[in-house]
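Visitor: This is coords_10.pdb (PDB, C-alpha atoms).
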```pdb
ATOM      1  CA  MET A   2       0.000   0.000   0.000
ATOM      2  CA  SER A   3       2.841   2.388   0.777
ATOM      3  CA  ILE A   4       4.173   2.002  -2.774
ATOM      4  CA  GLY A   5       0.827   3.284  -4.058
ATOM      5  CA  LEU A   6       0.722   6.243  -1.680
ATOM      6  CA  ALA A   7       4.319   7.178  -2.467
ATOM      7  CA  GLY A   8       3.784   6.667  -6.217
ATOM      8  CA  GLY A   9       0.722   8.914  -6.345
ATOM      9  CA  PHE A  10       2.382  11.534  -4.164
ATOM     10  CA  PHE A  11       5.588  11.538  -6.219
ATOM     11  CA  ALA A  12       3.650  11.673  -9.514
ATOM     12  CA  PHE A  13       1.897  14.864  -8.442
ATOM     13  CA  LEU A  14       5.162  16.323  -7.158
ATOM     14  CA  LEU A  15       6.488  15.914 -10.713
ATOM     15  CA  VAL A  16       3.494  17.866 -12.029
ATOM     16  CA  ALA A  17       3.987  20.555  -9.383
ATOM     17  CA  GLY A  18       7.680  20.752 -10.255
ATOM     18  CA  LEU A  19       6.921  21.234 -13.953
ATOM     19  CA  LEU A  20       4.367  23.909 -13.097
ATOM     20  CA  HIS A  21       6.927  25.670 -10.920
ATOM     21  CA  ILE A  22       9.645  25.512 -13.593
ATOM     22  CA  THR A  23       7.295  26.960 -16.217
ATOM     23  CA  ARG A  24       6.261  29.747 -13.794
ATOM     24  CA  ARG A  25       2.563  29.442 -14.565
ATOM     25  CA  VAL A  26       1.330  29.168 -10.991
ATOM     26  CA  GLU A  27       0.042  32.003  -8.847
ATOM     27  CA  ARG A  28       0.187  31.697  -5.103
ATOM     28  CA  ARG A  29      -2.561  33.554  -3.277
ATOM     29  CA  PRO A  30      -3.068  34.243   0.417
ATOM     30  CA  VAL A  31      -5.110  31.764   2.428
ATOM     31  CA  GLU A  32      -8.338  33.345   3.652
ATOM     32  CA  LYS A  33      -8.550  31.234   6.785
ATOM     33  CA  PRO A  34      -5.672  28.984   7.902
ATOM     34  CA  LEU A  35      -6.634  25.379   8.543
ATOM     35  CA  ALA A  36      -6.812  24.270  12.154
ATOM     36  CA  GLY A  37      -5.091  21.011  13.044
ATOM     37  CA  ARG A  38      -8.365  19.093  13.301
ATOM     38  CA  THR A  39      -9.547  20.448   9.956
ATOM     39  CA  PHE A  40      -6.252  19.455   8.349
ATOM     40  CA  LEU A  41      -6.559  15.908   9.688
ATOM     41  CA  GLY A  42     -10.254  15.751   8.796
ATOM     42  CA  VAL A  43      -9.681  16.795   5.193
ATOM     43  CA  SER A  44      -6.766  14.357   4.918
ATOM     44  CA  ALA A  45      -9.007  11.540   6.163
ATOM     45  CA  LEU A  46     -11.789  12.615   3.791
ATOM     46  CA  LEU A  47      -9.410  12.472   0.817
ATOM     47  CA  LEU A  48      -8.315   8.960   1.825
ATOM     48  CA  VAL A  49     -11.911   7.762   2.114
ATOM     49  CA  LEU A  50     -12.990   9.393  -1.160
ATOM     50  CA  ALA A  51     -10.083   7.785  -3.013
ATOM     51  CA  PHE A  52     -11.077   4.361  -1.667
ATOM     52  CA  VAL A  53     -14.747   4.874  -2.577
ATOM     53  CA  GLU A  54     -13.862   5.946  -6.122
ATOM     54  CA  GLU A  55     -11.516   2.997  -6.560
ATOM     55  CA  ALA A  56     -14.113   0.590  -5.177
ATOM     56  CA  ILE A  57     -16.660   1.840  -7.707
ATOM     57  CA  PHE A  58     -14.533   2.431 -10.794
ATOM     58  CA  ARG A  59     -11.897  -0.278 -10.454
ATOM     59  CA  TRP A  60     -13.153  -3.050  -8.155
ATOM     60  CA  PHE A  61     -16.750  -2.989  -9.366
ATOM     61  CA  LEU A  62     -16.559  -1.736 -12.953
ATOM     62  CA  ILE A  63     -13.314  -3.474 -13.923
ATOM     63  CA  GLY A  64     -13.262  -6.402 -11.491
ATOM     64  CA  TRP A  65     -16.888  -7.384 -11.644
ATOM     65  CA  LEU A  66     -17.942  -6.102 -15.056
ATOM     66  CA  SER A  67     -14.984  -7.756 -16.822
ATOM     67  CA  ARG A  68     -16.532 -11.142 -15.982
ATOM     68  CA  TRP A  69     -19.500 -10.241 -18.148
ATOM     69  CA  ILE A  70     -18.109  -8.128 -21.002
ATOM     70  CA  GLY A  71     -14.358  -8.774 -20.947
ATOM     71  CA  LEU A  72     -11.382  -6.861 -19.575
ATOM     72  CA  VAL A  73     -10.849  -4.269 -22.323
ATOM     73  CA  PRO A  74     -14.538  -3.206 -22.546
ATOM     74  CA  ALA A  75     -14.690  -3.036 -18.725
ATOM     75  CA  PHE A  76     -11.561  -0.798 -18.715
ATOM     76  CA  ILE A  77     -13.177   1.510 -21.262
ATOM     77  CA  VAL A  78     -16.499   1.661 -19.375
ATOM     78  CA  SER A  79     -14.622   2.355 -16.133
ATOM     79  CA  ALA A  80     -12.570   5.162 -17.714
ATOM     80  CA  ILE A  81     -15.652   6.804 -19.247
ATOM     81  CA  PHE A  82     -17.642   6.677 -16.003
ATOM     82  CA  PHE A  83     -14.652   7.858 -13.930
ATOM     83  CA  THR A  84     -14.171  10.833 -16.254
ATOM     84  CA  ALA A  85     -17.892  11.670 -16.348
ATOM     85  CA  SER A  86     -18.145  11.471 -12.549
ATOM     86  CA  HIS A  87     -15.692  14.366 -12.253
ATOM     87  CA  ARG A  88     -17.836  16.686 -14.375
ATOM     88  CA  SER A  89     -19.568  18.171 -11.341
ATOM     89  CA  ASN A  90     -16.193  19.422 -10.021
ATOM     90  CA  GLY A  91     -15.740  21.932 -12.811
ATOM     91  CA  PRO A  92     -15.651  22.335 -16.564
ATOM     92  CA  LEU A  93     -14.014  19.387 -18.294
ATOM     93  CA  ASN A  94     -11.945  20.837 -21.093
ATOM     94  CA  PHE A  95      -9.934  18.668 -23.493
ATOM     95  CA  GLY A  96      -6.941  18.516 -21.141
ATOM     96  CA  ALA A  97      -9.061  17.450 -18.170
ATOM     97  CA  ILE A  98     -10.762  14.707 -20.189
ATOM     98  CA  ILE A  99      -7.455  13.349 -21.513
ATOM     99  CA  ASN A 100      -5.849  13.395 -18.066
ATOM    100  CA  LEU A 101      -8.833  11.790 -16.340
ATOM    101  CA  LEU A 102      -8.806   9.018 -18.952
ATOM    102  CA  LEU A 103      -5.032   8.560 -18.489
ATOM    103  CA  VAL A 104      -5.275   8.367 -14.716
ATOM    104  CA  SER A 105      -8.201   5.967 -15.011
ATOM    105  CA  PHE A 106      -6.123   3.597 -17.140
ATOM    106  CA  ILE A 107      -3.155   3.958 -14.757
ATOM    107  CA  LEU A 108      -5.260   3.199 -11.692
ATOM    108  CA  GLY A 109      -6.898   0.309 -13.561
ATOM    109  CA  LEU A 110      -3.478  -1.238 -14.258
ATOM    110  CA  VAL A 111      -2.418  -0.690 -10.654
ATOM    111  CA  PHE A 112      -5.659  -2.352  -9.523
ATOM    112  CA  LEU A 113      -5.120  -5.362 -11.787
ATOM    113  CA  HIS A 114      -1.540  -5.937 -10.697
ATOM    114  CA  TRP A 115      -1.486  -4.805  -7.074
ATOM    115  CA  GLY A 116      -5.111  -4.711  -5.952
ATOM    116  CA  ILE A 117      -7.696  -2.281  -4.646
ATOM    117  CA  TRP A 118      -5.643  -1.066  -1.676
ATOM    118  CA  VAL A 119      -2.617  -0.017  -3.712
ATOM    119  CA  ALA A 120      -4.829   1.642  -6.351
ATOM    120  CA  SER A 121      -6.682   3.511  -3.582
ATOM    121  CA  ALA A 122      -3.396   4.540  -1.977
ATOM    122  CA  ALA A 123      -2.022   5.815  -5.309
ATOM    123  CA  HIS A 124      -5.209   7.821  -5.889
ATOM    124  CA  ALA A 125      -5.046   9.200  -2.343
ATOM    125  CA  GLY A 126      -1.338  10.028  -2.672
ATOM    126  CA  TRP A 127      -2.004  12.133  -5.772
ATOM    127  CA  ASN A 128      -4.962  13.926  -4.149
ATOM    128  CA  LEU A 129      -3.127  14.529  -0.861
ATOM    129  CA  ALA A 130      -0.082  16.000  -2.617
ATOM    130  CA  GLU A 131      -2.283  18.163  -4.824
ATOM    131  CA  TRP A 132      -4.324  19.413  -1.880
ATOM    132  CA  GLY A 133      -1.370  19.790   0.494
ATOM    133  CA  LEU A 134       0.472  21.983  -1.986
ATOM    134  CA  GLY A 135      -2.572  24.238  -2.330
ATOM    135  CA  TYR A 136      -3.976  23.139  -5.683
ATOM    136  CA  THR A 137      -7.586  22.173  -6.139
ATOM    137  CA  VAL A 138      -8.487  18.515  -6.199
ATOM    138  CA  SER A 139     -10.259  18.154  -9.554
ATOM    139  CA  GLY A 140     -11.357  21.727 -10.132
ATOM    140  CA  GLU A 141     -11.816  25.087  -8.442
ATOM    141  CA  LYS A 142     -15.379  24.184  -7.413
ATOM    142  CA  THR A 143     -13.962  21.767  -4.850
ATOM    143  CA  ARG A 144     -11.951  24.482  -3.060
ATOM    144  CA  ARG A 145     -15.086  25.623  -1.188
ATOM    145  CA  VAL A 146     -15.773  22.077   0.008
ATOM    146  CA  ILE A 147     -12.176  20.992   0.564
ATOM    147  CA  PRO A 148     -10.245  23.991   1.907
ATOM    148  CA  SER A 149      -6.504  23.673   1.346
ATOM    149  CA  PRO A 150      -3.592  24.758   3.542
ATOM    150  CA  ALA A 151      -2.276  26.993   0.728
ATOM    151  CA  VAL A 152      -3.754  28.506  -2.440
ATOM    152  CA  ARG A 153      -2.044  27.929  -5.758
ATOM    153  CA  ILE A 154      -3.873  28.414  -9.033
ATOM    154  CA  ILE A 155      -3.099  28.173 -12.716
ATOM    155  CA  PRO A 156      -4.602  31.331 -14.247
ATOM    156  CA  GLY A 157      -7.251  30.525 -16.823
ATOM    157  CA  GLU A 158      -7.467  26.857 -15.811
ATOM    158  CA  PRO A 159     -10.565  26.331 -13.636
ATOM    159  CA  TYR A 160      -9.983  22.574 -13.396
ATOM    160  CA  GLY A 161      -6.518  23.055 -11.944
ATOM    161  CA  PRO A 162      -3.375  21.057 -12.649
ATOM    162  CA  GLU A 163      -5.344  17.946 -13.547
ATOM    163  CA  ALA A 164      -6.292  19.650 -16.834
ATOM    164  CA  ASP A 165      -2.821  21.016 -17.573
ATOM    165  CA  TRP A 166      -0.314  19.698 -20.109
ATOM    166  CA  THR A 167       2.200  19.098 -17.316
ATOM    167  CA  ALA A 168      -0.105  16.426 -15.877
ATOM    168  CA  THR A 169      -0.556  14.955 -19.366
ATOM    169  CA  VAL A 170       3.223  14.566 -19.733
ATOM    170  CA  VAL A 171       3.625  12.943 -16.314
ATOM    171  CA  LEU A 172       0.576  10.672 -16.646
ATOM    172  CA  ALA A 173       1.456   9.577 -20.189
ATOM    173  CA  GLY A 174       4.960   8.733 -18.990
ATOM    174  CA  ILE A 175       3.628   6.687 -16.066
ATOM    175  CA  LEU A 176       1.154   4.863 -18.294
ATOM    176  CA  GLY A 177       3.911   4.135 -20.810
ATOM    177  CA  VAL A 178       6.150   2.653 -18.105
ATOM    178  CA  LEU A 179       3.312   0.519 -16.700
ATOM    179  CA  LEU A 180       2.390  -0.768 -20.156
ATOM    180  CA  TRP A 181       6.045  -1.530 -20.887
ATOM    181  CA  ILE A 182       6.420  -3.422 -17.594
ATOM    182  CA  TYR A 183       3.155  -5.340 -17.823
ATOM    183  CA  HIS A 184       2.847  -5.847 -21.591
ATOM    184  CA  PRO A 185       3.937  -9.504 -21.463
ATOM    185  CA  HIS A 186       1.294 -10.182 -18.814
ATOM    186  CA  PHE A 187      -1.728  -9.140 -20.861
TER     187      PHE A 187
END
```
Since I need it in another form, could you write the structure as structure tokens?

Guide:
Amino acid sequence: MSIGLAGGFFAFLLVAGLLHITRRVERRPVEKPLAGRTFLGVSALLLVLAFVEEAIFRWFLIGWLSRWIGLVPAFIVSAIFFTASHRSNGPLNFGAIINLLLVSFILGLVFLHWGIWVASAAHAGWNLAEWGLGYTVSGEKTRRVIPSPAVRIIPGEPYGPEADWTATVVLAGILGVLLWIYHPHF
């Protein structure tokens, strides 16, 4: 499980590093600093939400549905539903759709090879790093519900780093490595 948490966390740190290098991030003052209990509560919420999403989109839609329609169709259905489920968080532009599909395939591969707990931990690691560094978790709309300890935005990108090309580069690289590693096993 720790490999998943560290992998997700490190993957988002790569995105944050690319955003920093390209100087496209604005840091804004925090309106109300998070109290210790709020910080722990939001962290716990992000862990639970990652597990719930993985249970629905990987364990159920890939694990269970693949018995009825096959693995590849179940992967595609899972990716489409995962992407569509994030629509309420903010506008899904082309970048957001591509990146949500990429992360869905990555988490699906992690689920198949390491199980639900590692996939959930990887999902949580990404979300915790994103939130902890002050970015929105899947869109600016979530900032009101999930207050962050800092405020970093990408001007003109209401969905946040998950819609940015930096995430596309990192996610495509991760997917490529996973496919290269696991290709003989398919």

Visitor: Rounded to one decimal place, report the CA of Phe40 in chain A-CA of Leu19 in chain A distance in Å.

Guide: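 Value for the CA of Phe40 in chain A-CA of Leu19 in chain A distance: 26.0 Å.
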
Visitor: Kindly resolve the PyMOL selection byres ((chain A and resi 93-104) around 7) on the present coordinates and return the residues as an NGL selection string.

Guide: :A and (80 or 84 or 88 or 91-92 or 105-108 or 163-166 or 168-169 or 172-173)

Visitor: Would you pick out the contacts of Val26 in chain A at 12 Å or less, using only C-alpha atoms, so that residues sharing its chain but fewer than 6 positions from it are not included, and give the list as a list in words?

Guide: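 Skipping anything fewer than 6 positions along the chain leaves Val16, Ala17, Gly18, Leu19, Leu20, Leu134, Gly135, Tyr136, Val152, Arg153, Ile154, Ile155, Pro156, Gly157, Glu158, Gly161, Pro162, Asp165 and Thr167 of chain A.
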
Visitor: Check what the PyMOL selection byres ((chain A and resi 47) around 10) selects in the file above and give those residues as a ChimeraX atom specification.

Guide: /A:41-46,48-53,124-129,132,138,147

Visitor: Kindly give the distance, in Å, that separates CA of Arg38 in chain A and CA of Pro148 in chain A, rounded to a single decimal.

Guide: 12.5 Å

Visitor: Evaluate the PyMOL selection byres ((chain A and resi 62) around 10) here and jot the selected residues down as a list of chain:residue names.

Guide: A:Glu55, A:Ala56, A:Ile57, A:Phe58, A:Arg59, A:Trp60, A:Phe61, A:Ile63, A:Gly64, A:Trp65, A:Leu66, A:Ser67, A:Arg68, A:Leu72, A:Pro74, A:Ala75, A:Phe76, A:Ile77, A:Val78, A:Ser79, A:Ala80, A:Phe82, A:Phe83, A:Gly109

Visitor: Go ahead and save the residues from that selection, with C-alpha atoms, as a PDB file, in the coordinates of the input.

Guide:
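Below is the file selection_10.pdb, written as the result:
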```
ATOM      1  CA  GLU A  55     -11.516   2.997  -6.560  1.00  0.00           C
ATOM      2  CA  ALA A  56     -14.113   0.590  -5.177  1.00  0.00           C
ATOM      3  CA  ILE A  57     -16.660   1.840  -7.707  1.00  0.00           C
ATOM      4  CA  PHE A  58     -14.533   2.431 -10.794  1.00  0.00           C
ATOM      5  CA  ARG A  59     -11.897  -0.278 -10.454  1.00  0.00           C
ATOM      6  CA  TRP A  60     -13.153  -3.050  -8.155  1.00  0.00           C
ATOM      7  CA  PHE A  61     -16.750  -2.989  -9.366  1.00  0.00           C
ATOM      8  CA  ILE A  63     -13.314  -3.474 -13.923  1.00  0.00           C
ATOM      9  CA  GLY A  64     -13.262  -6.402 -11.491  1.00  0.00           C
ATOM     10  CA  TRP A  65     -16.888  -7.384 -11.644  1.00  0.00           C
ATOM     11  CA  LEU A  66     -17.942  -6.102 -15.056  1.00  0.00           C
ATOM     12  CA  SER A  67     -14.984  -7.756 -16.822  1.00  0.00           C
ATOM     13  CA  ARG A  68     -16.532 -11.142 -15.982  1.00  0.00           C
ATOM     14  CA  LEU A  72     -11.382  -6.861 -19.575  1.00  0.00           C
ATOM     15  CA  PRO A  74     -14.538  -3.206 -22.546  1.00  0.00           C
ATOM     16  CA  ALA A  75     -14.690  -3.036 -18.725  1.00  0.00           C
ATOM     17  CA  PHE A  76     -11.561  -0.798 -18.715  1.00  0.00           C
ATOM     18  CA  ILE A  77     -13.177   1.510 -21.262  1.00  0.00           C
ATOM     19  CA  VAL A  78     -16.499   1.661 -19.375  1.00  0.00           C
ATOM     20  CA  SER A  79     -14.622   2.355 -16.133  1.00  0.00           C
ATOM     21  CA  ALA A  80     -12.570   5.162 -17.714  1.00  0.00           C
ATOM     22  CA  PHE A  82     -17.642   6.677 -16.003  1.00  0.00           C
ATOM     23  CA  PHE A  83     -14.652   7.858 -13.930  1.00  0.00           C
ATOM     24  CA  GLY A 109      -6.898   0.309 -13.561  1.00  0.00           C
TER      25      GLY A 109
END
```

Visitor: Considering only C-alpha atoms, state which residue in the set A:His114, A:His87, A:His21, A:Arg144 is at the smallest distance from Glu54 in chain A.

Guide: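 Result for the nearest residue to Glu54 in chain A: A:His87.
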
Visitor: For CA of Tyr183 in chain A and CA of Ser139 in chain A, quote the distance in Å rounded to one decimal.

Guide: 28.3 Å
